[in-house]
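Data from target.cif: mmCIF, N, CA, C and O atoms
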```cif
data_coords
loop_
_atom_site.label_atom_id
_atom_site.label_comp_id
_atom_site.auth_asym_id
_atom_site.auth_seq_id
_atom_site.Cartn_x
_atom_site.Cartn_y
_atom_site.Cartn_z
N MET G 1 -57.87 69.01 0.86
CA MET G 1 -57.07 69.84 -0.02
C MET G 1 -57.23 69.35 -1.46
O MET G 1 -57.05 68.17 -1.75
N MET G 2 -57.56 70.26 -2.35
CA MET G 2 -57.76 69.88 -3.75
C MET G 2 -56.41 69.76 -4.47
O MET G 2 -55.46 70.46 -4.14
N ILE G 3 -56.38 68.87 -5.45
CA ILE G 3 -55.18 68.69 -6.26
C ILE G 3 -54.98 69.93 -7.14
O ILE G 3 -55.95 70.51 -7.63
N SER G 4 -53.73 70.33 -7.32
CA SER G 4 -53.44 71.56 -8.06
C SER G 4 -53.54 71.35 -9.58
O SER G 4 -53.43 70.23 -10.08
N GLU G 5 -53.74 72.47 -10.27
CA GLU G 5 -53.77 72.46 -11.74
C GLU G 5 -52.45 71.91 -12.30
O GLU G 5 -52.43 71.13 -13.24
N GLU G 6 -51.33 72.33 -11.69
CA GLU G 6 -50.01 71.92 -12.17
C GLU G 6 -49.82 70.40 -12.03
O GLU G 6 -49.29 69.75 -12.92
N GLN G 7 -50.27 69.86 -10.89
CA GLN G 7 -50.12 68.42 -10.67
C GLN G 7 -50.99 67.63 -11.65
O GLN G 7 -50.56 66.64 -12.23
N LEU G 8 -52.23 68.08 -11.85
CA LEU G 8 -53.12 67.42 -12.81
C LEU G 8 -52.53 67.48 -14.22
O LEU G 8 -52.57 66.48 -14.95
N ASP G 9 -51.98 68.63 -14.59
CA ASP G 9 -51.39 68.77 -15.92
C ASP G 9 -50.19 67.85 -16.09
O ASP G 9 -50.02 67.22 -17.13
N GLN G 10 -49.37 67.73 -15.05
CA GLN G 10 -48.22 66.83 -15.12
C GLN G 10 -48.69 65.38 -15.30
O GLN G 10 -48.16 64.65 -16.13
N TYR G 11 -49.68 64.96 -14.52
CA TYR G 11 -50.22 63.60 -14.65
C TYR G 11 -50.79 63.36 -16.05
O TYR G 11 -50.62 62.30 -16.63
N ARG G 12 -51.48 64.38 -16.61
CA ARG G 12 -52.08 64.25 -17.94
C ARG G 12 -51.00 64.14 -19.01
O ARG G 12 -51.03 63.24 -19.84
N VAL G 13 -50.03 65.03 -18.98
CA VAL G 13 -48.97 65.05 -19.99
C VAL G 13 -48.15 63.76 -19.97
O VAL G 13 -47.81 63.20 -21.01
N GLU G 14 -47.87 63.25 -18.76
CA GLU G 14 -47.06 62.03 -18.62
C GLU G 14 -47.90 60.76 -18.70
O GLU G 14 -47.35 59.66 -18.60
N SER G 15 -49.21 60.89 -18.85
CA SER G 15 -50.13 59.74 -18.87
C SER G 15 -49.88 58.81 -17.68
O SER G 15 -49.82 57.59 -17.80
N THR G 16 -49.76 59.41 -16.51
CA THR G 16 -49.50 58.67 -15.28
C THR G 16 -50.74 57.89 -14.86
O THR G 16 -51.82 58.47 -14.74
N LEU G 17 -50.58 56.59 -14.63
CA LEU G 17 -51.68 55.78 -14.11
C LEU G 17 -51.87 56.15 -12.64
O LEU G 17 -50.93 56.08 -11.85
N LEU G 18 -53.09 56.58 -12.30
CA LEU G 18 -53.37 57.09 -10.96
C LEU G 18 -54.27 56.17 -10.17
O LEU G 18 -55.06 55.42 -10.73
N ARG G 19 -54.15 56.30 -8.87
CA ARG G 19 -55.12 55.73 -7.93
C ARG G 19 -55.86 56.92 -7.33
O ARG G 19 -55.24 57.84 -6.82
N VAL G 20 -57.18 56.90 -7.42
CA VAL G 20 -57.99 57.95 -6.81
C VAL G 20 -58.65 57.34 -5.59
O VAL G 20 -59.46 56.42 -5.69
N ILE G 21 -58.26 57.84 -4.42
CA ILE G 21 -58.75 57.31 -3.14
C ILE G 21 -59.98 58.12 -2.74
O ILE G 21 -59.89 59.32 -2.52
N ARG G 22 -61.12 57.41 -2.68
CA ARG G 22 -62.38 58.10 -2.35
C ARG G 22 -62.79 57.91 -0.90
O ARG G 22 -63.51 58.73 -0.34
N ASP G 23 -62.36 56.81 -0.28
CA ASP G 23 -62.66 56.56 1.13
C ASP G 23 -61.67 55.53 1.65
O ASP G 23 -60.69 55.21 0.97
N VAL G 24 -61.91 54.97 2.85
CA VAL G 24 -60.94 54.05 3.45
C VAL G 24 -60.93 52.67 2.82
O VAL G 24 -60.01 51.90 3.04
N SER G 25 -61.92 52.34 2.00
CA SER G 25 -61.98 51.01 1.40
C SER G 25 -61.24 50.98 0.05
O SER G 25 -61.64 51.67 -0.89
N PRO G 26 -60.19 50.16 -0.07
CA PRO G 26 -59.45 50.08 -1.33
C PRO G 26 -60.31 49.62 -2.51
O PRO G 26 -60.00 49.92 -3.65
N THR G 27 -61.40 48.91 -2.25
CA THR G 27 -62.26 48.45 -3.34
C THR G 27 -62.98 49.60 -4.02
O THR G 27 -63.47 49.45 -5.14
N ASN G 28 -63.05 50.76 -3.38
CA ASN G 28 -63.71 51.93 -3.96
C ASN G 28 -62.75 52.86 -4.70
O ASN G 28 -63.16 53.90 -5.19
N ASP G 29 -61.48 52.48 -4.76
CA ASP G 29 -60.50 53.29 -5.50
C ASP G 29 -60.80 53.24 -6.99
O ASP G 29 -61.32 52.24 -7.50
N VAL G 30 -60.48 54.31 -7.69
CA VAL G 30 -60.60 54.36 -9.14
C VAL G 30 -59.18 54.40 -9.70
O VAL G 30 -58.33 55.14 -9.21
N ARG G 31 -58.93 53.59 -10.73
CA ARG G 31 -57.63 53.53 -11.36
C ARG G 31 -57.76 54.02 -12.79
O ARG G 31 -58.62 53.54 -13.52
N GLY G 32 -56.93 55.00 -13.17
CA GLY G 32 -57.03 55.51 -14.52
C GLY G 32 -56.09 56.65 -14.79
O GLY G 32 -55.20 56.95 -14.00
N ILE G 33 -56.30 57.31 -15.93
CA ILE G 33 -55.45 58.39 -16.41
C ILE G 33 -56.27 59.67 -16.52
O ILE G 33 -57.40 59.64 -17.01
N VAL G 34 -55.70 60.79 -16.08
CA VAL G 34 -56.39 62.08 -16.16
C VAL G 34 -56.57 62.48 -17.62
O VAL G 34 -55.64 62.43 -18.41
N VAL G 35 -57.80 62.87 -17.95
CA VAL G 35 -58.12 63.31 -19.31
C VAL G 35 -58.35 64.83 -19.33
O VAL G 35 -57.83 65.53 -20.19
N ALA G 36 -59.13 65.32 -18.36
CA ALA G 36 -59.45 66.75 -18.30
C ALA G 36 -59.93 67.09 -16.90
O ALA G 36 -60.18 66.19 -16.09
N TRP G 37 -60.07 68.38 -16.61
CA TRP G 37 -60.57 68.80 -15.31
C TRP G 37 -61.12 70.21 -15.41
O TRP G 37 -60.89 70.92 -16.38
N ASP G 38 -61.90 70.57 -14.39
CA ASP G 38 -62.36 71.95 -14.24
C ASP G 38 -62.17 72.34 -12.78
O ASP G 38 -61.44 71.65 -12.05
N ASP G 39 -62.84 73.38 -12.32
CA ASP G 39 -62.63 73.86 -10.95
C ASP G 39 -63.08 72.88 -9.88
O ASP G 39 -62.59 72.92 -8.76
N GLU G 40 -64.03 72.00 -10.20
CA GLU G 40 -64.61 71.12 -9.19
C GLU G 40 -64.41 69.64 -9.45
O GLU G 40 -64.59 68.84 -8.54
N SER G 41 -64.09 69.24 -10.68
CA SER G 41 -64.05 67.81 -10.99
C SER G 41 -62.90 67.45 -11.92
O SER G 41 -62.29 68.33 -12.54
N VAL G 42 -62.63 66.14 -11.99
CA VAL G 42 -61.57 65.60 -12.85
C VAL G 42 -62.17 64.45 -13.65
O VAL G 42 -62.90 63.62 -13.10
N LEU G 43 -61.88 64.40 -14.94
CA LEU G 43 -62.28 63.26 -15.76
C LEU G 43 -61.12 62.29 -15.83
O LEU G 43 -60.00 62.67 -16.18
N VAL G 44 -61.40 61.03 -15.48
CA VAL G 44 -60.38 59.98 -15.46
C VAL G 44 -60.82 58.86 -16.39
O VAL G 44 -61.96 58.39 -16.28
N ARG G 45 -59.95 58.45 -17.31
CA ARG G 45 -60.25 57.34 -18.20
C ARG G 45 -59.72 56.06 -17.57
O ARG G 45 -58.54 55.92 -17.30
N LYS G 46 -60.64 55.11 -17.36
CA LYS G 46 -60.27 53.83 -16.78
C LYS G 46 -59.74 52.90 -17.87
O LYS G 46 -59.80 53.21 -19.06
N LYS G 47 -59.21 51.75 -17.44
CA LYS G 47 -58.61 50.79 -18.38
C LYS G 47 -59.60 50.31 -19.44
O LYS G 47 -59.24 50.09 -20.59
N ASN G 48 -60.88 50.19 -19.05
CA ASN G 48 -61.91 49.74 -20.00
C ASN G 48 -62.40 50.88 -20.90
O ASN G 48 -63.40 50.73 -21.59
N ARG G 49 -61.71 52.00 -20.88
CA ARG G 49 -61.95 53.19 -21.68
C ARG G 49 -63.16 54.00 -21.25
O ARG G 49 -63.51 54.98 -21.90
N LYS G 50 -63.83 53.59 -20.19
CA LYS G 50 -64.93 54.40 -19.66
C LYS G 50 -64.32 55.60 -18.94
O LYS G 50 -63.27 55.51 -18.31
N VAL G 51 -65.00 56.74 -19.04
CA VAL G 51 -64.54 57.96 -18.39
C VAL G 51 -65.45 58.24 -17.20
O VAL G 51 -66.67 58.18 -17.32
N VAL G 52 -64.85 58.52 -16.06
CA VAL G 52 -65.62 58.85 -14.86
C VAL G 52 -65.27 60.26 -14.41
O VAL G 52 -64.14 60.72 -14.56
N LYS G 53 -66.27 60.94 -13.87
CA LYS G 53 -66.10 62.30 -13.36
C LYS G 53 -65.99 62.21 -11.84
O LYS G 53 -66.89 61.71 -11.18
N LEU G 54 -64.86 62.68 -11.31
CA LEU G 54 -64.58 62.57 -9.88
C LEU G 54 -64.34 63.96 -9.28
O LEU G 54 -63.85 64.85 -9.96
N ALA G 55 -64.63 64.10 -8.00
CA ALA G 55 -64.40 65.37 -7.32
C ALA G 55 -62.90 65.64 -7.18
O ALA G 55 -62.11 64.72 -7.01
N ARG G 56 -62.54 66.89 -7.25
CA ARG G 56 -61.11 67.25 -7.12
C ARG G 56 -60.59 67.12 -5.71
O ARG G 56 -59.38 67.11 -5.50
N ASN G 57 -61.47 67.01 -4.72
CA ASN G 57 -60.99 66.91 -3.35
C ASN G 57 -60.65 65.48 -2.93
O ASN G 57 -60.26 65.25 -1.80
N TYR G 58 -60.76 64.49 -3.84
CA TYR G 58 -60.28 63.14 -3.54
C TYR G 58 -58.76 63.13 -3.55
O TYR G 58 -58.12 64.09 -4.01
N ILE G 59 -58.16 62.05 -3.09
CA ILE G 59 -56.71 61.90 -3.09
C ILE G 59 -56.28 61.29 -4.42
O ILE G 59 -56.72 60.19 -4.77
N TYR G 60 -55.42 61.98 -5.15
CA TYR G 60 -54.89 61.51 -6.44
C TYR G 60 -53.42 61.19 -6.24
O TYR G 60 -52.66 62.06 -5.81
N GLN G 61 -53.03 59.95 -6.55
CA GLN G 61 -51.62 59.57 -6.41
C GLN G 61 -51.26 58.57 -7.50
O GLN G 61 -52.13 57.85 -7.99
N PRO G 62 -49.97 58.53 -7.89
CA PRO G 62 -49.56 57.51 -8.87
C PRO G 62 -49.89 56.11 -8.33
O PRO G 62 -49.74 55.83 -7.14
N TYR G 63 -50.36 55.24 -9.22
CA TYR G 63 -50.82 53.92 -8.81
C TYR G 63 -49.69 53.09 -8.19
O TYR G 63 -49.93 52.27 -7.31
N GLU G 64 -48.45 53.31 -8.65
CA GLU G 64 -47.34 52.51 -8.13
C GLU G 64 -47.01 52.84 -6.67
O GLU G 64 -46.37 52.05 -5.99
N ASN G 65 -47.46 54.01 -6.17
CA ASN G 65 -47.21 54.36 -4.77
C ASN G 65 -48.10 53.53 -3.85
O ASN G 65 -49.22 53.17 -4.21
N GLU G 66 -47.59 53.28 -2.65
CA GLU G 66 -48.39 52.58 -1.63
C GLU G 66 -49.58 53.45 -1.23
O GLU G 66 -49.47 54.67 -1.18
N ARG G 67 -50.68 52.78 -0.92
CA ARG G 67 -51.85 53.51 -0.41
C ARG G 67 -51.51 54.00 0.99
O ARG G 67 -51.04 53.25 1.82
N PRO G 68 -51.70 55.30 1.28
CA PRO G 68 -51.33 55.82 2.61
C PRO G 68 -52.08 55.11 3.73
O PRO G 68 -53.27 54.83 3.61
N PRO G 69 -51.39 54.81 4.83
CA PRO G 69 -52.03 54.07 5.93
C PRO G 69 -53.23 54.78 6.54
O PRO G 69 -54.14 54.13 7.03
N GLU G 70 -53.24 56.11 6.49
CA GLU G 70 -54.38 56.82 7.07
C GLU G 70 -55.66 56.64 6.26
O GLU G 70 -56.74 56.98 6.72
N PHE G 71 -55.53 56.07 5.06
CA PHE G 71 -56.71 55.80 4.22
C PHE G 71 -56.97 54.30 4.11
O PHE G 71 -57.56 53.84 3.15
N MET G 72 -56.53 53.54 5.10
CA MET G 72 -56.73 52.09 5.10
C MET G 72 -57.75 51.72 6.17
O MET G 72 -57.86 52.39 7.20
N LEU G 73 -58.46 50.63 5.92
CA LEU G 73 -59.37 50.11 6.94
C LEU G 73 -58.53 49.54 8.08
O LEU G 73 -57.42 49.06 7.86
N PRO G 74 -59.03 49.57 9.31
CA PRO G 74 -58.27 48.99 10.42
C PRO G 74 -58.00 47.51 10.18
O PRO G 74 -58.87 46.77 9.74
N GLN G 75 -56.77 47.09 10.46
CA GLN G 75 -56.38 45.70 10.26
C GLN G 75 -56.17 44.98 11.59
O GLN G 75 -55.49 43.97 11.64
N ASP G 76 -56.71 45.53 12.67
CA ASP G 76 -56.51 44.92 13.98
C ASP G 76 -57.18 43.56 14.04
O ASP G 76 -58.33 43.40 13.63
N PRO G 77 -56.45 42.56 14.55
CA PRO G 77 -57.07 41.24 14.69
C PRO G 77 -58.18 41.29 15.76
O PRO G 77 -58.09 42.05 16.72
N ILE G 78 -59.20 40.50 15.57
CA ILE G 78 -60.31 40.45 16.53
C ILE G 78 -59.91 39.47 17.64
O ILE G 78 -59.60 38.30 17.37
N GLU G 79 -59.88 39.99 18.85
CA GLU G 79 -59.51 39.17 19.98
C GLU G 79 -60.74 38.46 20.54
O GLU G 79 -61.80 39.08 20.70
N PRO G 80 -60.61 37.17 20.85
CA PRO G 80 -61.75 36.48 21.48
C PRO G 80 -62.02 37.07 22.86
O PRO G 80 -61.09 37.41 23.58
N ASP G 81 -63.29 37.20 23.20
CA ASP G 81 -63.65 37.79 24.49
C ASP G 81 -63.97 36.75 25.56
O ASP G 81 -64.35 37.08 26.66
N GLY G 82 -63.83 35.48 25.22
CA GLY G 82 -64.08 34.42 26.19
C GLY G 82 -65.54 34.00 26.26
O GLY G 82 -65.88 33.03 26.91
N VAL G 83 -66.41 34.71 25.59
CA VAL G 83 -67.82 34.37 25.59
C VAL G 83 -68.11 33.62 24.28
O VAL G 83 -67.75 34.07 23.21
N SER G 84 -68.75 32.45 24.41
CA SER G 84 -69.03 31.64 23.25
C SER G 84 -70.51 31.69 22.93
O SER G 84 -71.36 31.62 23.81
N ASP G 85 -70.83 31.76 21.64
CA ASP G 85 -72.21 31.71 21.21
C ASP G 85 -72.69 30.28 21.05
O ASP G 85 -73.84 30.03 20.75
N ASP G 86 -71.76 29.32 21.17
CA ASP G 86 -72.09 27.91 20.93
C ASP G 86 -72.89 27.29 22.07
O ASP G 86 -73.49 26.23 21.88
N GLU G 87 -72.89 27.88 23.24
CA GLU G 87 -73.54 27.24 24.39
C GLU G 87 -74.96 27.68 24.57
O GLU G 87 -75.40 28.69 24.23
#
```

Have the structure of the file written as structure tokens, please.
Amino acid sequence: MMISEEQLDQYRVESTLLRVIRDVSPTNDVRGIVVAWDDESVLVRKKNRKVVKLARNYIYQPYENERPPEFMLPQDPIEPDGVSDDE
């Protein structure tokens, strides 16, 4: 689902710091402020003042919000299987 024009405009007017979730890895998130957009993409200015062009179908949320669990990598502990590689 693409982010709406109204939501993008609100984020731009309020200069809301956003987290743009591109996949399940938090290291691939983009943090910045909406500068402009068109039908397919959004321009986001990062803290270092570089501007990146991102697809509108990514997840855009205020940075202070928790990252949704459905977009997190699995955190299941690895259980030992009883087989050792040491022998």

_Output check: residues returned by the PyMOL selection byres ((chain G and resi 21) around 8), as a list in words_ =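 Matching residues under the PyMOL selection byres ((chain G and resi 21) around 8) are Leu18, Arg19, Val20, Arg22, Asp23, Val24, Ser25, Pro26, Asn28, Asp29, Val30, Arg31, Ala55, Asn57, Tyr58, Ile59, Tyr60, Gln61 and Phe71 of chain G.
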
Those same residues, written as a tab-separated table (two decimals), in the coordinates of the input with N, CA, C and O atoms?
```tsv
chain	number	residue	atom	x	y	z
G	18	LEU	N	-53.09	56.58	-12.30
G	18	LEU	CA	-53.37	57.09	-10.96
G	18	LEU	C	-54.27	56.17	-10.17
G	18	LEU	O	-55.06	55.42	-10.73
G	19	ARG	N	-54.15	56.30	-8.87
G	19	ARG	CA	-55.12	55.73	-7.93
G	19	ARG	C	-55.86	56.92	-7.33
G	19	ARG	O	-55.24	57.84	-6.82
G	20	VAL	N	-57.18	56.90	-7.42
G	20	VAL	CA	-57.99	57.95	-6.81
G	20	VAL	C	-58.65	57.34	-5.59
G	20	VAL	O	-59.46	56.42	-5.69
G	22	ARG	N	-61.12	57.41	-2.68
G	22	ARG	CA	-62.38	58.10	-2.35
G	22	ARG	C	-62.79	57.91	-0.90
G	22	ARG	O	-63.51	58.73	-0.34
G	23	ASP	N	-62.36	56.81	-0.28
G	23	ASP	CA	-62.66	56.56	1.13
G	23	ASP	C	-61.67	55.53	1.65
G	23	ASP	O	-60.69	55.21	0.97
G	24	VAL	N	-61.91	54.97	2.85
G	24	VAL	CA	-60.94	54.05	3.45
G	24	VAL	C	-60.93	52.67	2.82
G	24	VAL	O	-60.01	51.90	3.04
G	25	SER	N	-61.92	52.34	2.00
G	25	SER	CA	-61.98	51.01	1.40
G	25	SER	C	-61.24	50.98	0.05
G	25	SER	O	-61.64	51.67	-0.89
G	26	PRO	N	-60.19	50.16	-0.07
G	26	PRO	CA	-59.45	50.08	-1.33
G	26	PRO	C	-60.31	49.62	-2.51
G	26	PRO	O	-60.00	49.92	-3.65
G	28	ASN	N	-63.05	50.76	-3.38
G	28	ASN	CA	-63.71	51.93	-3.96
G	28	ASN	C	-62.75	52.86	-4.70
G	28	ASN	O	-63.16	53.90	-5.19
G	29	ASP	N	-61.48	52.48	-4.76
G	29	ASP	CA	-60.50	53.29	-5.50
G	29	ASP	C	-60.80	53.24	-6.99
G	29	ASP	O	-61.32	52.24	-7.50
G	30	VAL	N	-60.48	54.31	-7.69
G	30	VAL	CA	-60.60	54.36	-9.14
G	30	VAL	C	-59.18	54.40	-9.70
G	30	VAL	O	-58.33	55.14	-9.21
G	31	ARG	N	-58.93	53.59	-10.73
G	31	ARG	CA	-57.63	53.53	-11.36
G	31	ARG	C	-57.76	54.02	-12.79
G	31	ARG	O	-58.62	53.54	-13.52
G	55	ALA	N	-64.63	64.10	-8.00
G	55	ALA	CA	-64.40	65.37	-7.32
G	55	ALA	C	-62.90	65.64	-7.18
G	55	ALA	O	-62.11	64.72	-7.01
G	57	ASN	N	-61.47	67.01	-4.72
G	57	ASN	CA	-60.99	66.91	-3.35
G	57	ASN	C	-60.65	65.48	-2.93
G	57	ASN	O	-60.26	65.25	-1.80
G	58	TYR	N	-60.76	64.49	-3.84
G	58	TYR	CA	-60.28	63.14	-3.54
G	58	TYR	C	-58.76	63.13	-3.55
G	58	TYR	O	-58.12	64.09	-4.01
G	59	ILE	N	-58.16	62.05	-3.09
G	59	ILE	CA	-56.71	61.90	-3.09
G	59	ILE	C	-56.28	61.29	-4.42
G	59	ILE	O	-56.72	60.19	-4.77
G	60	TYR	N	-55.42	61.98	-5.15
G	60	TYR	CA	-54.89	61.51	-6.44
G	60	TYR	C	-53.42	61.19	-6.24
G	60	TYR	O	-52.66	62.06	-5.81
G	61	GLN	N	-53.03	59.95	-6.55
G	61	GLN	CA	-51.62	59.57	-6.41
G	61	GLN	C	-51.26	58.57	-7.50
G	61	GLN	O	-52.13	57.85	-7.99
G	71	PHE	N	-55.53	56.07	5.06
G	71	PHE	CA	-56.71	55.80	4.22
G	71	PHE	C	-56.97	54.30	4.11
G	71	PHE	O	-57.56	53.84	3.15
```

Next item on the list: Write out as a list in words all residues of chain G that DSSP puts in strand (DSSP E) for this structure's backbone.
Entry: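 Across chain G, those assigned strand (DSSP E) are Leu18, Arg19, Val20, Ile21, Val30, Arg31, Gly32, Ile33, Val34, Val35, Ala36, Trp37, Ser41, Val42, Leu43, Val44, Arg45, Lys46, Val51, Val52, Lys53, Leu54, Ala55, Ile59, Tyr60, Gln61 and Pro62 of chain G.
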
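Our summary of the geometry notes that atom O of Arg45 in chain G is positioned 14.9 Å from CA of Glu64 in chain G.
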
| query | chain G: which residues are helix (DSSP H, G or I) by DSSP, as a ChimeraX atom specification? | reply | /G:5-13,26-28,69-71

What's around Asp38 in chain G at 8 Å? Count all atoms listed in the file, leave out sequence neighbours fewer than 5 positions away in its own chain, and write the answer as a VMD selection string.
chain G and resid 3 5 43 54 to 56

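Ranking G:Glu70, G:Tyr63, G:Lys53, G:Met1 by their shortest atom-to-atom distance to Trp37 in chain G, with only C-alpha atoms included, puts G:Lys53 first.
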
Worksheet item: Which value, in Å to one decimal, gives the distance between atom N of Val35 in chain G and atom C of Met2 in chain G?
Response: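 Going from atom N of Val35 in chain G over to atom C of Met2 in chain G covers 15.2 Å.
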
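Going from atom N of Ala36 in chain G to atom N of Glu66 in chain G covers 22.9 Å.
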
For this session: Would you kindly identify which residues have an atom no farther than 6 Å from (-57.4, 55.5, -19.3), using only N, CA, C and O atoms and the file's own coordinates, and write them out as a VMD selection string?
Result: chain G and resid 32 to 33 44 to 47 49 to 50

Please fill the gaps in range 61-69 of chain G so it has all heavy atoms, and write that as an mmCIF file, in the coordinates of the input.
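Contents of the output file result15.cif:
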```cif
data_model
loop_
_atom_site.group_PDB
_atom_site.id
_atom_site.type_symbol
_atom_site.label_atom_id
_atom_site.label_comp_id
_atom_site.auth_asym_id
_atom_site.auth_seq_id
_atom_site.Cartn_x
_atom_site.Cartn_y
_atom_site.Cartn_z
ATOM 1 N N GLN G 61 -53.030 59.950 -6.550
ATOM 2 C CA GLN G 61 -51.620 59.570 -6.410
ATOM 3 C C GLN G 61 -51.260 58.570 -7.500
ATOM 4 O O GLN G 61 -52.130 57.850 -7.990
ATOM 5 C CB GLN G 61 -51.356 58.981 -5.035
ATOM 6 C CG GLN G 61 -51.964 57.602 -4.835
ATOM 7 C CD GLN G 61 -51.556 56.973 -3.528
ATOM 8 O OE1 GLN G 61 -51.807 57.528 -2.477
ATOM 9 N NE2 GLN G 61 -50.930 55.826 -3.593
ATOM 10 N N PRO G 62 -49.970 58.530 -7.890
ATOM 11 C CA PRO G 62 -49.560 57.510 -8.870
ATOM 12 C C PRO G 62 -49.890 56.110 -8.330
ATOM 13 O O PRO G 62 -49.740 55.830 -7.140
ATOM 14 C CB PRO G 62 -48.048 57.709 -8.976
ATOM 15 C CG PRO G 62 -47.846 59.151 -8.609
ATOM 16 C CD PRO G 62 -48.887 59.432 -7.558
ATOM 17 N N TYR G 63 -50.360 55.240 -9.220
ATOM 18 C CA TYR G 63 -50.820 53.920 -8.810
ATOM 19 C C TYR G 63 -49.690 53.090 -8.190
ATOM 20 O O TYR G 63 -49.930 52.270 -7.310
ATOM 21 C CB TYR G 63 -51.435 53.167 -9.996
ATOM 22 C CG TYR G 63 -52.155 51.920 -9.577
ATOM 23 C CD1 TYR G 63 -53.423 51.999 -9.000
ATOM 24 C CD2 TYR G 63 -51.583 50.669 -9.725
ATOM 25 C CE1 TYR G 63 -54.093 50.875 -8.591
ATOM 26 C CE2 TYR G 63 -52.250 49.530 -9.319
ATOM 27 C CZ TYR G 63 -53.501 49.636 -8.753
ATOM 28 O OH TYR G 63 -54.159 48.515 -8.338
ATOM 29 N N GLU G 64 -48.450 53.310 -8.650
ATOM 30 C CA GLU G 64 -47.340 52.510 -8.130
ATOM 31 C C GLU G 64 -47.010 52.840 -6.670
ATOM 32 O O GLU G 64 -46.370 52.050 -5.990
ATOM 33 C CB GLU G 64 -46.091 52.690 -8.994
ATOM 34 C CG GLU G 64 -45.487 54.065 -8.872
ATOM 35 C CD GLU G 64 -45.265 54.735 -10.209
ATOM 36 O OE1 GLU G 64 -45.752 54.249 -11.233
ATOM 37 O OE2 GLU G 64 -44.592 55.772 -10.216
ATOM 38 N N ASN G 65 -47.460 54.010 -6.170
ATOM 39 C CA ASN G 65 -47.210 54.360 -4.770
ATOM 40 C C ASN G 65 -48.100 53.530 -3.850
ATOM 41 O O ASN G 65 -49.220 53.170 -4.210
ATOM 42 C CB ASN G 65 -47.495 55.843 -4.531
ATOM 43 C CG ASN G 65 -46.515 56.744 -5.243
ATOM 44 O OD1 ASN G 65 -45.628 56.293 -5.954
ATOM 45 N ND2 ASN G 65 -46.689 58.034 -5.071
ATOM 46 N N GLU G 66 -47.590 53.280 -2.650
ATOM 47 C CA GLU G 66 -48.390 52.580 -1.630
ATOM 48 C C GLU G 66 -49.580 53.450 -1.230
ATOM 49 O O GLU G 66 -49.470 54.670 -1.180
ATOM 50 C CB GLU G 66 -47.532 52.327 -0.385
ATOM 51 C CG GLU G 66 -46.484 51.246 -0.554
ATOM 52 C CD GLU G 66 -47.081 49.861 -0.467
ATOM 53 O OE1 GLU G 66 -47.976 49.623 0.370
ATOM 54 O OE2 GLU G 66 -46.652 49.005 -1.252
ATOM 55 N N ARG G 67 -50.680 52.780 -0.920
ATOM 56 C CA ARG G 67 -51.850 53.510 -0.410
ATOM 57 C C ARG G 67 -51.510 54.000 0.990
ATOM 58 O O ARG G 67 -51.040 53.250 1.820
ATOM 59 C CB ARG G 67 -53.018 52.519 -0.342
ATOM 60 C CG ARG G 67 -54.359 53.163 -0.306
ATOM 61 C CD ARG G 67 -55.413 52.066 -0.471
ATOM 62 N NE ARG G 67 -56.662 52.627 -0.872
ATOM 63 C CZ ARG G 67 -57.569 53.108 -0.014
ATOM 64 N NH1 ARG G 67 -57.332 53.083 1.260
ATOM 65 N NH2 ARG G 67 -58.689 53.615 -0.459
ATOM 66 N N PRO G 68 -51.700 55.300 1.280
ATOM 67 C CA PRO G 68 -51.330 55.820 2.610
ATOM 68 C C PRO G 68 -52.080 55.110 3.730
ATOM 69 O O PRO G 68 -53.270 54.830 3.610
ATOM 70 C CB PRO G 68 -51.747 57.298 2.547
ATOM 71 C CG PRO G 68 -51.935 57.599 1.110
ATOM 72 C CD PRO G 68 -52.264 56.308 0.419
ATOM 73 N N PRO G 69 -51.390 54.810 4.830
ATOM 74 C CA PRO G 69 -52.030 54.070 5.930
ATOM 75 C C PRO G 69 -53.230 54.780 6.540
ATOM 76 O O PRO G 69 -54.140 54.130 7.030
ATOM 77 C CB PRO G 69 -50.916 53.889 6.975
ATOM 78 C CG PRO G 69 -49.771 54.704 6.506
ATOM 79 C CD PRO G 69 -49.991 55.102 5.090
#
```
